[in-house]
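**Student:** Just one file: upload35.pdb, with PDB, C-alpha atoms.
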```pdb
ATOM      1  CA  MET A   1       0.408  37.360  -5.145
ATOM      2  CA  ASP A   2       3.344  35.113  -4.132
ATOM      3  CA  VAL A   3       4.748  32.316  -6.267
ATOM      4  CA  THR A   4       3.008  29.536  -4.286
ATOM      5  CA  SER A   5      -0.416  31.124  -4.731
ATOM      6  CA  TRP A   6       0.280  31.684  -8.424
ATOM      7  CA  LEU A   7       1.181  28.011  -8.902
ATOM      8  CA  LEU A   8      -1.813  26.772  -6.907
ATOM      9  CA  ARG A   9      -4.179  28.765  -9.073
ATOM     10  CA  ARG A  10      -2.737  27.308 -12.270
ATOM     11  CA  MET A  11      -2.014  23.684 -11.396
ATOM     12  CA  ALA A  12      -4.011  20.906 -13.028
ATOM     13  CA  VAL A  13      -6.629  19.151 -10.907
ATOM     14  CA  ARG A  14      -6.182  15.370 -10.801
ATOM     15  CA  PRO A  15      -9.143  13.674  -9.096
ATOM     16  CA  PHE A  16      -9.208  10.138  -7.756
ATOM     17  CA  VAL A  17     -12.598   8.565  -7.049
ATOM     18  CA  VAL A  18     -13.390   6.078  -4.293
ATOM     19  CA  ALA A  19     -16.902   4.616  -4.534
ATOM     20  CA  VAL A  20     -18.948   2.016  -2.693
ATOM     21  CA  PRO A  21     -22.275   0.314  -3.492
ATOM     22  CA  GLY A  22     -25.207   2.641  -3.055
ATOM     23  CA  ALA A  23     -23.308   5.643  -4.434
ATOM     24  CA  THR A  24     -23.272   4.798  -8.145
ATOM     25  CA  ALA A  25     -25.283   7.888  -9.124
ATOM     26  CA  ALA A  26     -22.854  10.133  -7.242
ATOM     27  CA  ARG A  27     -19.862   8.438  -8.875
ATOM     28  CA  LEU A  28     -21.277   8.844 -12.368
ATOM     29  CA  ALA A  29     -22.136  12.490 -11.691
ATOM     30  CA  ALA A  30     -18.593  13.103 -10.437
ATOM     31  CA  GLU A  31     -17.063  11.529 -13.540
ATOM     32  CA  ARG A  32     -19.288  13.685 -15.756
ATOM     33  CA  SER A  33     -18.178  16.749 -13.822
ATOM     34  CA  PHE A  34     -14.515  15.842 -14.344
ATOM     35  CA  ARG A  35     -15.028  15.495 -18.068
ATOM     36  CA  ASP A  36     -16.938  18.773 -18.335
ATOM     37  CA  ARG A  37     -14.080  20.529 -16.526
ATOM     38  CA  GLY A  38     -11.432  18.910 -18.723
ATOM     39  CA  TRP A  39      -9.804  16.989 -15.863
ATOM     40  CA  ARG A  40      -7.997  13.680 -16.288
ATOM     41  CA  GLN A  41      -8.538  11.176 -13.497
ATOM     42  CA  ALA A  42      -5.529   9.953 -11.546
ATOM     43  CA  ALA A  43      -4.571   6.275 -11.701
ATOM     44  CA  ASN A  44      -3.872   6.147  -7.962
ATOM     45  CA  PRO A  45      -4.135   8.424  -4.904
ATOM     46  CA  VAL A  46      -0.435   9.303  -4.880
ATOM     47  CA  GLU A  47      -0.656  11.143  -8.205
ATOM     48  CA  ALA A  48      -3.981  12.789  -7.276
ATOM     49  CA  ASN A  49      -4.605  16.119  -5.581
ATOM     50  CA  LEU A  50      -8.391  15.776  -5.217
ATOM     51  CA  LEU A  51      -9.837  12.766  -3.369
ATOM     52  CA  VAL A  52     -13.506  12.278  -4.238
ATOM     53  CA  VAL A  53     -15.349   9.873  -1.931
ATOM     54  CA  ALA A  54     -18.729   8.631  -3.165
ATOM     55  CA  GLY A  55     -20.526   6.880  -0.339
ATOM     56  CA  ASP A  56     -19.709   6.004   3.246
ATOM     57  CA  ILE A  57     -16.185   4.588   3.453
ATOM     58  CA  ASP A  58     -13.143   5.353   5.597
ATOM     59  CA  VAL A  59     -10.224   6.704   3.561
ATOM     60  CA  ASP A  60      -8.045   8.321   6.227
ATOM     61  CA  LEU A  61      -4.974   6.184   5.515
ATOM     62  CA  VAL A  62      -5.161   6.913   1.794
ATOM     63  CA  TRP A  63      -5.832  10.593   2.498
ATOM     64  CA  GLY A  64      -2.766  10.740   4.744
ATOM     65  CA  GLN A  65      -0.548   9.312   1.997
ATOM     66  CA  MET A  66      -1.567  11.889  -0.598
ATOM     67  CA  PRO A  67       1.046  14.646  -0.986
ATOM     68  CA  LEU A  68       0.190  18.324  -0.671
ATOM     69  CA  PRO A  69      -1.472  20.246  -2.183
ATOM     70  CA  LYS A  70      -4.626  18.198  -1.819
ATOM     71  CA  ALA A  71      -8.325  18.412  -1.078
ATOM     72  CA  LYS A  72     -11.064  15.933  -0.237
ATOM     73  CA  VAL A  73     -14.767  15.973  -0.992
ATOM     74  CA  GLU A  74     -17.432  13.556   0.242
ATOM     75  CA  LEU A  75     -20.484  13.023  -1.963
ATOM     76  CA  ALA A  76     -23.720  11.857  -0.391
ATOM     77  CA  SER A  77     -25.823  12.251  -3.552
ATOM     78  CA  ALA A  78     -25.541  13.226  -7.196
ATOM     79  CA  ALA A  79     -27.460  16.476  -6.727
ATOM     80  CA  ASP A  80     -24.691  18.394  -4.984
ATOM     81  CA  VAL A  81     -21.705  17.078  -6.945
ATOM     82  CA  ASP A  82     -20.823  20.262  -8.856
ATOM     83  CA  ARG A  83     -21.152  22.524  -5.816
ATOM     84  CA  ALA A  84     -19.213  20.160  -3.555
ATOM     85  CA  ILE A  85     -16.392  19.709  -6.053
ATOM     86  CA  GLY A  86     -16.264  23.464  -6.630
ATOM     87  CA  ALA A  87     -15.890  24.061  -2.894
ATOM     88  CA  ALA A  88     -13.106  21.468  -2.630
ATOM     89  CA  VAL A  89     -11.210  23.010  -5.549
ATOM     90  CA  ARG A  90     -11.329  26.408  -3.863
ATOM     91  CA  GLY A  91      -9.689  24.808  -0.839
ATOM     92  CA  LEU A  92      -7.145  23.100  -3.079
ATOM     93  CA  ARG A  93      -6.067  26.458  -4.531
ATOM     94  CA  ASP A  94      -6.056  28.296  -1.176
ATOM     95  CA  ARG A  95      -2.467  28.693   0.049
ATOM     96  CA  ARG A  96      -3.413  29.336   3.678
ATOM     97  CA  ARG A  97      -5.557  26.219   3.881
ATOM     98  CA  GLN A  98      -2.806  24.122   2.317
ATOM     99  CA  TYR A  99      -0.287  25.373   4.877
ATOM    100  CA  ALA A 100      -2.709  24.527   7.680
ATOM    101  CA  GLU A 101      -3.521  20.996   8.836
ATOM    102  CA  PRO A 102      -4.241  18.631   5.902
ATOM    103  CA  GLU A 103      -7.716  17.996   7.293
ATOM    104  CA  SER A 104      -8.551  21.652   6.652
ATOM    105  CA  THR A 105      -8.864  20.903   2.947
ATOM    106  CA  HIS A 106     -11.819  18.597   3.491
ATOM    107  CA  GLY A 107     -15.297  19.384   2.198
ATOM    108  CA  THR A 108     -18.705  17.752   2.038
ATOM    109  CA  ALA A 109     -21.729  18.213  -0.139
ATOM    110  CA  SER A 110     -23.831  19.208   2.859
ATOM    111  CA  ASP A 111     -21.415  21.800   4.279
ATOM    112  CA  LEU A 112     -19.909  23.685   1.378
ATOM    113  CA  HIS A 113     -18.723  26.786   3.211
ATOM    114  CA  ARG A 114     -16.589  24.970   5.774
ATOM    115  CA  GLY A 115     -13.165  23.535   5.080
ATOM    116  CA  HIS A 116     -12.520  21.343   8.124
ATOM    117  CA  ASP A 117     -12.892  17.642   8.798
ATOM    118  CA  ASP A 118     -16.172  16.392  10.234
ATOM    119  CA  SER A 119     -14.316  14.717  13.134
ATOM    120  CA  GLU A 120     -16.012  11.386  12.517
ATOM    121  CA  ALA A 121     -14.266   8.405  13.981
ATOM    122  CA  VAL A 122     -12.561   6.499  11.218
ATOM    123  CA  SER A 123     -11.169   3.032  10.895
ATOM    124  CA  ASP A 124      -8.316   1.624   8.857
ATOM    125  CA  ALA A 125      -8.527   2.049   5.097
ATOM    126  CA  HIS A 126      -6.467   0.676   2.268
ATOM    127  CA  ALA A 127      -2.991   1.903   1.378
ATOM    128  CA  ALA A 128      -2.089   2.097  -2.289
ATOM    129  CA  HIS A 129       0.796   0.076  -3.694
ATOM    130  CA  GLY A 130       1.854   0.918  -7.256
ATOM    131  CA  HIS A 131       1.703  -1.809  -9.919
ATOM    132  CA  ASP A 132       1.881  -1.800 -13.683
ATOM    133  CA  MET A 133      -1.720  -2.999 -13.944
ATOM    134  CA  GLY A 134      -3.094  -0.885 -11.121
ATOM    135  CA  GLN A 135      -2.516  -0.656  -7.400
ATOM    136  CA  ALA A 136      -2.827  -3.221  -4.644
ATOM    137  CA  SER A 137      -3.947  -2.197  -1.211
ATOM    138  CA  MET A 138      -1.421  -3.461   1.283
ATOM    139  CA  ALA A 139      -2.796  -2.161   4.577
ATOM    140  CA  GLY A 140      -5.066  -3.941   7.040
ATOM    141  CA  HIS A 141      -8.756  -3.858   6.170
ATOM    142  CA  GLN A 142     -11.426  -3.184   8.744
ATOM    143  CA  HIS A 143     -15.167  -2.985   8.249
ATOM    144  CA  GLY A 144     -18.400  -4.030   9.875
ATOM    145  CA  GLY A 145     -16.635  -4.465  13.208
ATOM    146  CA  HIS A 146     -14.305  -7.186  11.871
ATOM    147  CA  ASP A 147     -10.551  -6.674  11.774
ATOM    148  CA  HIS A 148      -8.744  -8.389   8.916
ATOM    149  CA  GLY A 149      -5.182  -7.676  10.053
ATOM    150  CA  MET A 150      -2.350  -9.518   8.396
ATOM    151  CA  GLY A 151      -0.845 -10.824  11.596
ATOM    152  CA  GLU A 152       2.712 -10.211  10.349
ATOM    153  CA  MET A 153       5.536  -7.956  11.444
ATOM    154  CA  VAL A 154       5.633  -4.607   9.728
ATOM    155  CA  MET A 155       8.466  -2.272   8.864
ATOM    156  CA  PRO A 156       8.414   1.512   9.402
ATOM    157  CA  GLY A 157       5.597   3.137   7.461
ATOM    158  CA  GLY A 158       3.290   0.141   7.905
ATOM    159  CA  ILE A 159       4.869  -1.888   5.082
ATOM    160  CA  PRO A 160       4.416  -5.594   5.880
ATOM    161  CA  MET A 161       7.462  -7.817   6.058
ATOM    162  CA  ALA A 162       7.407 -10.799   3.752
ATOM    163  CA  SER A 163       7.449 -14.333   5.090
ATOM    164  CA  ARG A 164       8.849 -17.275   3.169
ATOM    165  CA  THR A 165       7.412 -20.646   2.203
ATOM    166  CA  ALA A 166       7.615 -23.167  -0.623
ATOM    167  CA  ASP A 167       5.697 -22.322  -3.798
ATOM    168  CA  ARG A 168       3.882 -24.737  -6.104
ATOM    169  CA  ASP A 169       7.221 -25.766  -7.646
ATOM    170  CA  GLY A 170       8.862 -26.363  -4.279
ATOM    171  CA  LEU A 171      10.943 -23.173  -4.356
ATOM    172  CA  ALA A 172      11.195 -21.032  -1.224
ATOM    173  CA  LEU A 173       9.666 -17.657  -2.125
ATOM    174  CA  ASP A 174       8.547 -14.652  -0.119
ATOM    175  CA  TYR A 175       4.819 -14.229   0.399
ATOM    176  CA  LEU A 176       2.628 -11.353   1.557
ATOM    177  CA  HIS A 177      -0.966 -11.049   2.702
ATOM    178  CA  ILE A 178      -2.507  -8.377   0.457
ATOM    179  CA  PHE A 179      -5.811  -6.670  -0.171
ATOM    180  CA  LEU A 180      -7.058  -5.459  -3.557
ATOM    181  CA  GLY A 181      -9.702  -2.761  -3.185
ATOM    182  CA  PRO A 182     -11.846  -1.019  -2.418
ATOM    183  CA  VAL A 183      -9.537   1.991  -3.021
ATOM    184  CA  LEU A 184      -8.473   1.042  -6.524
ATOM    185  CA  ALA A 185      -8.951   2.647  -9.930
ATOM    186  CA  ASP A 186     -11.275   0.900 -12.411
ATOM    187  CA  TRP A 187     -12.480  -1.491  -9.725
ATOM    188  CA  PRO A 188     -16.009  -2.666  -8.827
ATOM    189  CA  PRO A 189     -17.338  -0.417  -6.035
ATOM    190  CA  GLY A 190     -16.774  -1.831  -2.575
ATOM    191  CA  LEU A 191     -15.161  -5.077  -3.735
ATOM    192  CA  VAL A 192     -12.351  -6.384  -1.507
ATOM    193  CA  VAL A 193     -10.105  -9.279  -2.551
ATOM    194  CA  LYS A 194      -7.964 -10.763   0.193
ATOM    195  CA  ALA A 195      -5.150 -13.093  -0.856
ATOM    196  CA  ILE A 196      -1.674 -14.365  -0.222
ATOM    197  CA  MET A 197       0.744 -13.216  -2.930
ATOM    198  CA  GLN A 198       3.787 -15.391  -3.474
ATOM    199  CA  GLY A 199       6.045 -13.847  -6.053
ATOM    200  CA  ASP A 200       3.291 -12.230  -8.134
ATOM    201  CA  VAL A 201       0.865 -15.184  -7.907
ATOM    202  CA  LEU A 202      -2.323 -14.990  -5.816
ATOM    203  CA  GLN A 203      -3.309 -17.854  -3.516
ATOM    204  CA  GLU A 204      -6.014 -18.512  -0.912
ATOM    205  CA  VAL A 205      -8.233 -15.812  -2.383
ATOM    206  CA  GLU A 206     -11.271 -14.555  -0.474
ATOM    207  CA  VAL A 207     -13.722 -11.844  -1.543
ATOM    208  CA  ASP A 208     -15.987  -9.456   0.302
ATOM    209  CA  VAL A 209     -18.080  -6.373  -0.486
ATOM    210  CA  VAL A 210     -18.099  -3.191   1.599
ATOM    211  CA  GLY A 211     -21.222  -1.023   1.473
ATOM    212  CA  ILE A 212     -24.972  -1.291   1.125
ATOM    213  CA  PRO A 213     -26.342  -2.002  -2.394
ATOM    214  CA  GLY A 214     -28.423   0.720  -3.996
ATOM    215  CA  ASN A 215     -29.711  -1.261  -7.012
ATOM    216  CA  TYR A 216     -28.879   1.586  -9.382
ATOM    217  CA  TRP A 217     -28.483  -0.552 -12.495
ATOM    218  CA  THR A 218     -32.112  -1.266 -13.326
ATOM    219  CA  GLU A 219     -33.120  -3.060 -16.519
ATOM    220  CA  ASP A 220     -33.579   0.160 -18.499
ATOM    221  CA  ARG A 221     -30.073   1.278 -17.541
ATOM    222  CA  MET A 222     -28.324  -1.939 -18.575
ATOM    223  CA  PRO A 223     -27.058  -0.564 -21.936
ATOM    224  CA  ALA A 224     -25.215   2.134 -19.982
ATOM    225  CA  ARG A 225     -24.057  -0.435 -17.428
ATOM    226  CA  ARG A 226     -22.378  -2.473 -20.190
ATOM    227  CA  LEU A 227     -20.538   0.631 -21.396
ATOM    228  CA  ASP A 228     -19.459   1.309 -17.813
ATOM    229  CA  SER A 229     -18.046  -2.223 -17.673
ATOM    230  CA  CYS A 230     -16.232  -1.664 -20.976
ATOM    231  CA  ALA A 231     -14.678   1.512 -19.597
ATOM    232  CA  ARG A 232     -13.445  -0.350 -16.511
ATOM    233  CA  LEU A 233     -11.860  -3.169 -18.512
ATOM    234  CA  LEU A 234     -10.285  -0.836 -21.071
ATOM    235  CA  GLY A 235      -8.876   1.302 -18.262
ATOM    236  CA  VAL A 236      -7.230  -1.691 -16.585
ATOM    237  CA  ALA A 237      -5.898  -2.860 -19.961
ATOM    238  CA  GLY A 238      -4.226   0.534 -20.385
ATOM    239  CA  TRP A 239      -6.286   2.043 -23.215
ATOM    240  CA  GLU A 240      -7.404   5.187 -21.434
ATOM    241  CA  THR A 241      -8.589   7.019 -24.565
ATOM    242  CA  ALA A 242     -11.093   4.277 -25.391
ATOM    243  CA  ALA A 243     -12.117   4.039 -21.729
ATOM    244  CA  THR A 244     -12.810   7.785 -21.581
ATOM    245  CA  ARG A 245     -14.922   7.562 -24.722
ATOM    246  CA  ALA A 246     -16.865   4.630 -23.220
ATOM    247  CA  ARG A 247     -17.714   6.749 -20.158
ATOM    248  CA  GLU A 248     -18.871   9.589 -22.373
ATOM    249  CA  LEU A 249     -21.099   7.237 -24.383
ATOM    250  CA  ARG A 250     -22.410   5.739 -21.138
ATOM    251  CA  ASP A 251     -23.484   9.164 -19.911
ATOM    252  CA  ARG A 252     -25.130  10.000 -23.239
ATOM    253  CA  VAL A 253     -27.112   6.762 -23.112
ATOM    254  CA  LEU A 254     -28.202   7.473 -19.533
ATOM    255  CA  SER A 255     -29.405  10.953 -20.479
ATOM    256  CA  GLY A 256     -31.267   9.714 -23.572
ATOM    257  CA  GLN A 257     -28.978  11.440 -26.081
ATOM    258  CA  ASP A 258     -27.775   9.987 -29.358
ATOM    259  CA  ALA A 259     -24.629   7.881 -28.889
ATOM    260  CA  ASP A 260     -22.579   6.496 -31.767
ATOM    261  CA  VAL A 261     -21.646   3.324 -29.929
ATOM    262  CA  ASP A 262     -21.159   1.190 -33.055
ATOM    263  CA  ARG A 263     -18.359   3.326 -34.457
ATOM    264  CA  TRP A 264     -16.490   3.264 -31.154
ATOM    265  CA  ALA A 265     -17.069  -0.500 -30.768
ATOM    266  CA  LYS A 266     -15.582  -1.193 -34.222
ATOM    267  CA  ARG A 267     -12.463   0.729 -33.254
ATOM    268  CA  VAL A 268     -12.099  -1.271 -30.050
ATOM    269  CA  ARG A 269     -12.514  -4.579 -31.863
ATOM    270  CA  ARG A 270      -9.814  -3.663 -34.393
ATOM    271  CA  SER A 271      -7.137  -3.327 -31.716
ATOM    272  CA  ARG A 272      -4.745  -6.252 -32.051
ATOM    273  CA  VAL A 273      -2.831  -5.258 -28.929
ATOM    274  CA  LEU A 274      -6.017  -5.247 -26.856
ATOM    275  CA  LYS A 275      -7.044  -8.646 -28.210
ATOM    276  CA  TRP A 276      -3.591 -10.057 -27.491
ATOM    277  CA  SER A 277      -3.848  -8.707 -23.921
ATOM    278  CA  LEU A 278      -7.235 -10.300 -23.191
ATOM    279  CA  VAL A 279      -7.379 -13.590 -25.103
ATOM    280  CA  GLY A 280      -7.054 -16.538 -22.727
ATOM    281  CA  VAL A 281      -7.406 -14.413 -19.592
ATOM    282  CA  GLY A 282      -9.964 -15.551 -17.018
ATOM    283  CA  GLU A 283     -11.550 -18.380 -18.975
ATOM    284  CA  TRP A 284     -14.912 -19.269 -17.451
ATOM    285  CA  GLN A 285     -17.947 -20.970 -18.972
ATOM    286  CA  GLY A 286     -16.243 -21.056 -22.365
ATOM    287  CA  ARG A 287     -15.490 -17.329 -22.448
ATOM    288  CA  ASP A 288     -12.333 -15.354 -21.739
ATOM    289  CA  ALA A 289     -11.851 -11.623 -21.120
ATOM    290  CA  TRP A 290     -11.840 -10.826 -24.847
ATOM    291  CA  ASP A 291     -15.115 -12.698 -25.375
ATOM    292  CA  ARG A 292     -16.755 -10.892 -22.476
ATOM    293  CA  LEU A 293     -15.644  -7.500 -23.803
ATOM    294  CA  ASN A 294     -17.117  -8.328 -27.215
ATOM    295  CA  ALA A 295     -20.379  -9.387 -25.560
ATOM    296  CA  TRP A 296     -20.613  -5.969 -23.900
ATOM    297  CA  LEU A 297     -19.835  -4.296 -27.218
ATOM    298  CA  ASP A 298     -22.737  -6.255 -28.715
ATOM    299  CA  GLN A 299     -24.940  -5.102 -25.810
ATOM    300  CA  THR A 300     -25.222  -8.652 -24.512
ATOM    301  CA  ASP A 301     -25.203  -9.540 -20.840
ATOM    302  CA  VAL A 302     -22.165 -11.279 -19.383
ATOM    303  CA  GLU A 303     -22.870 -13.723 -16.586
ATOM    304  CA  SER A 304     -20.813 -12.926 -13.515
ATOM    305  CA  ASP A 305     -20.943 -14.073  -9.933
ATOM    306  CA  ILE A 306     -18.791 -12.756  -7.103
ATOM    307  CA  ALA A 307     -18.733 -16.267  -5.645
ATOM    308  CA  THR A 308     -16.733 -17.488  -8.662
ATOM    309  CA  LEU A 309     -13.918 -14.960  -8.197
ATOM    310  CA  PRO A 310     -11.842 -16.958  -5.682
ATOM    311  CA  ASP A 311     -11.574 -19.950  -8.035
ATOM    312  CA  LEU A 312     -10.769 -17.746 -11.017
ATOM    313  CA  LEU A 313      -8.188 -15.656  -9.166
ATOM    314  CA  ASN A 314      -6.403 -18.474  -7.364
ATOM    315  CA  GLY A 315      -3.118 -19.121  -9.164
ATOM    316  CA  SER A 316      -3.356 -15.986 -11.328
ATOM    317  CA  GLU A 317      -0.682 -13.325 -11.536
ATOM    318  CA  LEU A 318      -1.514  -9.944 -10.042
ATOM    319  CA  GLY A 319      -1.778  -8.170 -13.406
ATOM    320  CA  ASN A 320      -4.062 -10.854 -14.808
ATOM    321  CA  ALA A 321      -6.144 -10.769 -11.640
ATOM    322  CA  ARG A 322      -6.980  -7.122 -12.316
ATOM    323  CA  LEU A 323      -8.037  -8.013 -15.862
ATOM    324  CA  ILE A 324     -10.130 -10.974 -14.674
ATOM    325  CA  VAL A 325     -12.066  -8.860 -12.179
ATOM    326  CA  ALA A 326     -12.601  -6.078 -14.719
ATOM    327  CA  SER A 327     -13.746  -8.518 -17.411
ATOM    328  CA  LEU A 328     -16.380  -9.994 -15.092
ATOM    329  CA  ASP A 329     -17.240  -6.673 -13.430
ATOM    330  CA  PRO A 330     -19.696  -8.101 -10.881
ATOM    331  CA  ASP A 331     -22.543  -5.742 -10.017
ATOM    332  CA  THR A 332     -21.725  -5.048  -6.379
ATOM    333  CA  ASP A 333     -24.526  -2.463  -6.287
ATOM    334  CA  HIS A 334     -27.174  -5.129  -6.773
ATOM    335  CA  GLY A 335     -28.739  -6.371  -3.538
TER     336      GLY A 335
END
```
Starting from the file, lay out its structure as structure tokens.
**Tutor:**
Amino acid sequence: MDVTSWLLRRMAVRPFVVAVPGATAARLAAERSFRDRGWRQAANPVEANLLVVAGDIDVDLVWGQMPLPKAKVELASAADVDRAIGAAVRGLRDRRRQYAEPESTHGTASDLHRGHDDSEAVSDAHAAHGHDMGQASMAGHQHGGHDHGMGEMVMPGGIPMASRTADRDGLALDYLHIFLGPVLADWPPGLVVKAIMQGDVLQEVEVDVVGIPGNYWTEDRMPARRLDSCARLLGVAGWETAATRARELRDRVLSGQDADVDRWAKRVRRSRVLKWSLVGVGEWQGRDAWDRLNAWLDQTDVESDIATLPDLLNGSELGNARLIVASLDPDTDHG
């Protein structure tokens, strides 16, 4: 065994999940599989080596930006998650497949013995741009036959050049057309936020949803849905330990097992840093992000409407925008 093969067999697997409406069951099954295997999810595609795609979405641009070694798995349903992920990991640890074309490390749940791409025509996806509160997709977005190009000059590598205009204080600042989502960690499935960013402030915000709703979150699953929302908000706020525990409790609730939610909720409420991070963020209908988190902890519904996002996000800084979206967590899977 050579050194490369030895290292491939022993490296840690870092999955990154991309999900769209209609694939919630597959996403949850994938996250359970990660936890059972002791894997820690990547915060963005660049630090990942396993791209897990739940649902029908084009991710070729993101896939191309991931460094080797890497593997990709597409999940059509929750039933084949473990087998599909197992097949992808075998490709990830195979030296010959990693030295071959990157597409050779691609697997699907329906074709577990093959390691090549399915040759489907793909459209533009979303490139990841690192940020302290997450990542902003900076590439053009294309779906449903509509091209949302930025209409600006780009530098080598597809990075858009900034234009300049006066800001709200009359100062001439650079601005960029950006997209947030759908390839973004701790982000509502399929949600796309299009905006102009001047400095780090969002303006002219528009929202859209990619994918077909599957109506997974039925009334009897709402307690688990609230824990899923907690996990998303805690992840964006930077408390990954509490977010991981929320996902574990969510899965226990879904499977009908005992879940000590109250003890975990008390710990979350005691965090002064978390409260300081969320108080005053995204105030809407008399509630801010901290209030909405506490409502979820109390197993109370939080009213959210995708149509309200543009007004709430206009004028917000990029980091706060991530917190606002996570604190509302609109159910994009509901038709």
**Student:** If you apply the PyMOL selection byres ((chain A and resi 3-15) around 12) to this file, what residues do you get, as a PDB file with C-alpha atoms, keeping the file's coordinate frame?
**Tutor:**
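What follows is the written file out-v1.pdb:
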```pdb
ATOM      1  CA  MET A   1       0.408  37.360  -5.145  1.00  0.00           C
ATOM      2  CA  ASP A   2       3.344  35.113  -4.132  1.00  0.00           C
ATOM      3  CA  PHE A  16      -9.208  10.138  -7.756  1.00  0.00           C
ATOM      4  CA  VAL A  17     -12.598   8.565  -7.049  1.00  0.00           C
ATOM      5  CA  VAL A  18     -13.390   6.078  -4.293  1.00  0.00           C
ATOM      6  CA  ARG A  27     -19.862   8.438  -8.875  1.00  0.00           C
ATOM      7  CA  ALA A  30     -18.593  13.103 -10.437  1.00  0.00           C
ATOM      8  CA  GLU A  31     -17.063  11.529 -13.540  1.00  0.00           C
ATOM      9  CA  SER A  33     -18.178  16.749 -13.822  1.00  0.00           C
ATOM     10  CA  PHE A  34     -14.515  15.842 -14.344  1.00  0.00           C
ATOM     11  CA  ARG A  35     -15.028  15.495 -18.068  1.00  0.00           C
ATOM     12  CA  ARG A  37     -14.080  20.529 -16.526  1.00  0.00           C
ATOM     13  CA  GLY A  38     -11.432  18.910 -18.723  1.00  0.00           C
ATOM     14  CA  TRP A  39      -9.804  16.989 -15.863  1.00  0.00           C
ATOM     15  CA  ARG A  40      -7.997  13.680 -16.288  1.00  0.00           C
ATOM     16  CA  GLN A  41      -8.538  11.176 -13.497  1.00  0.00           C
ATOM     17  CA  ALA A  42      -5.529   9.953 -11.546  1.00  0.00           C
ATOM     18  CA  ALA A  43      -4.571   6.275 -11.701  1.00  0.00           C
ATOM     19  CA  ASN A  44      -3.872   6.147  -7.962  1.00  0.00           C
ATOM     20  CA  PRO A  45      -4.135   8.424  -4.904  1.00  0.00           C
ATOM     21  CA  VAL A  46      -0.435   9.303  -4.880  1.00  0.00           C
ATOM     22  CA  GLU A  47      -0.656  11.143  -8.205  1.00  0.00           C
ATOM     23  CA  ALA A  48      -3.981  12.789  -7.276  1.00  0.00           C
ATOM     24  CA  ASN A  49      -4.605  16.119  -5.581  1.00  0.00           C
ATOM     25  CA  LEU A  50      -8.391  15.776  -5.217  1.00  0.00           C
ATOM     26  CA  LEU A  51      -9.837  12.766  -3.369  1.00  0.00           C
ATOM     27  CA  VAL A  52     -13.506  12.278  -4.238  1.00  0.00           C
ATOM     28  CA  VAL A  53     -15.349   9.873  -1.931  1.00  0.00           C
ATOM     29  CA  MET A  66      -1.567  11.889  -0.598  1.00  0.00           C
ATOM     30  CA  LEU A  68       0.190  18.324  -0.671  1.00  0.00           C
ATOM     31  CA  PRO A  69      -1.472  20.246  -2.183  1.00  0.00           C
ATOM     32  CA  LYS A  70      -4.626  18.198  -1.819  1.00  0.00           C
ATOM     33  CA  ALA A  71      -8.325  18.412  -1.078  1.00  0.00           C
ATOM     34  CA  LYS A  72     -11.064  15.933  -0.237  1.00  0.00           C
ATOM     35  CA  VAL A  73     -14.767  15.973  -0.992  1.00  0.00           C
ATOM     36  CA  ILE A  85     -16.392  19.709  -6.053  1.00  0.00           C
ATOM     37  CA  GLY A  86     -16.264  23.464  -6.630  1.00  0.00           C
ATOM     38  CA  ALA A  88     -13.106  21.468  -2.630  1.00  0.00           C
ATOM     39  CA  VAL A  89     -11.210  23.010  -5.549  1.00  0.00           C
ATOM     40  CA  ARG A  90     -11.329  26.408  -3.863  1.00  0.00           C
ATOM     41  CA  GLY A  91      -9.689  24.808  -0.839  1.00  0.00           C
ATOM     42  CA  LEU A  92      -7.145  23.100  -3.079  1.00  0.00           C
ATOM     43  CA  ARG A  93      -6.067  26.458  -4.531  1.00  0.00           C
ATOM     44  CA  ASP A  94      -6.056  28.296  -1.176  1.00  0.00           C
ATOM     45  CA  ARG A  95      -2.467  28.693   0.049  1.00  0.00           C
ATOM     46  CA  ARG A  96      -3.413  29.336   3.678  1.00  0.00           C
ATOM     47  CA  ARG A  97      -5.557  26.219   3.881  1.00  0.00           C
ATOM     48  CA  GLN A  98      -2.806  24.122   2.317  1.00  0.00           C
ATOM     49  CA  TYR A  99      -0.287  25.373   4.877  1.00  0.00           C
ATOM     50  CA  ALA A 185      -8.951   2.647  -9.930  1.00  0.00           C
TER      51      ALA A 185
END
```
**Student:** Starting from the displayed file, determine the output of the PyMOL selection byres ((chain A and resi 223) around 9) and express the residue list as a list in words.
**Tutor:**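 The output of the PyMOL selection byres ((chain A and resi 223) around 9) on this file is Glu219, Asp220, Arg221, Met222, Ala224, Arg225, Arg226, Leu227, Asp228, Arg250, Val253, Leu254, Trp296, Gln299 and Thr300 of chain A.
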**Student:** State, in Å with one decimal place, the distance from CA of Val281 in chain A to CA of Asn314 in chain A.
**Tutor:** 12.9 Å
**Student:** Write out as a PyMOL selection string the residues lying within 7 Å of range 202-208 of chain A, counting all atoms listed in the file and excluding same-chain residues fewer than 3 positions away.
**Tutor:** chain A and resi 191-198+310+313-318
**Student:** Identify all residues satisfying the PyMOL selection byres ((chain A and resi 291) around 10) in the given file; provide them as a list of chain:residue names.
**Tutor:**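 Answer for the PyMOL selection byres ((chain A and resi 291) around 10): A:Lys275, A:Leu278, A:Val279, A:Gly280, A:Val281, A:Glu283, A:Gly286, A:Arg287, A:Asp288, A:Ala289, A:Trp290, A:Arg292, A:Leu293, A:Asn294, A:Ala295, A:Trp296, A:Leu297, A:Val302, A:Ser327.
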**Student:** Find the residues of range 10-59 of chain A that sit at most 9 Å from range 332-335 of chain A; for each, write down the nearest two atoms and how far apart they are in Å, to one decimal. Count only C-alpha atoms. Sort by chain, then by number going up, and give it as a tab-separated table.
**Tutor:**
```
residue	atom	partner	partner_atom	distance
A:Val20	CA	A:Asp333	CA	8.0
A:Pro21	CA	A:Asp333	CA	4.5
A:Gly22	CA	A:Asp333	CA	6.1
A:Ala23	CA	A:Asp333	CA	8.4
A:Thr24	CA	A:Asp333	CA	7.6
```
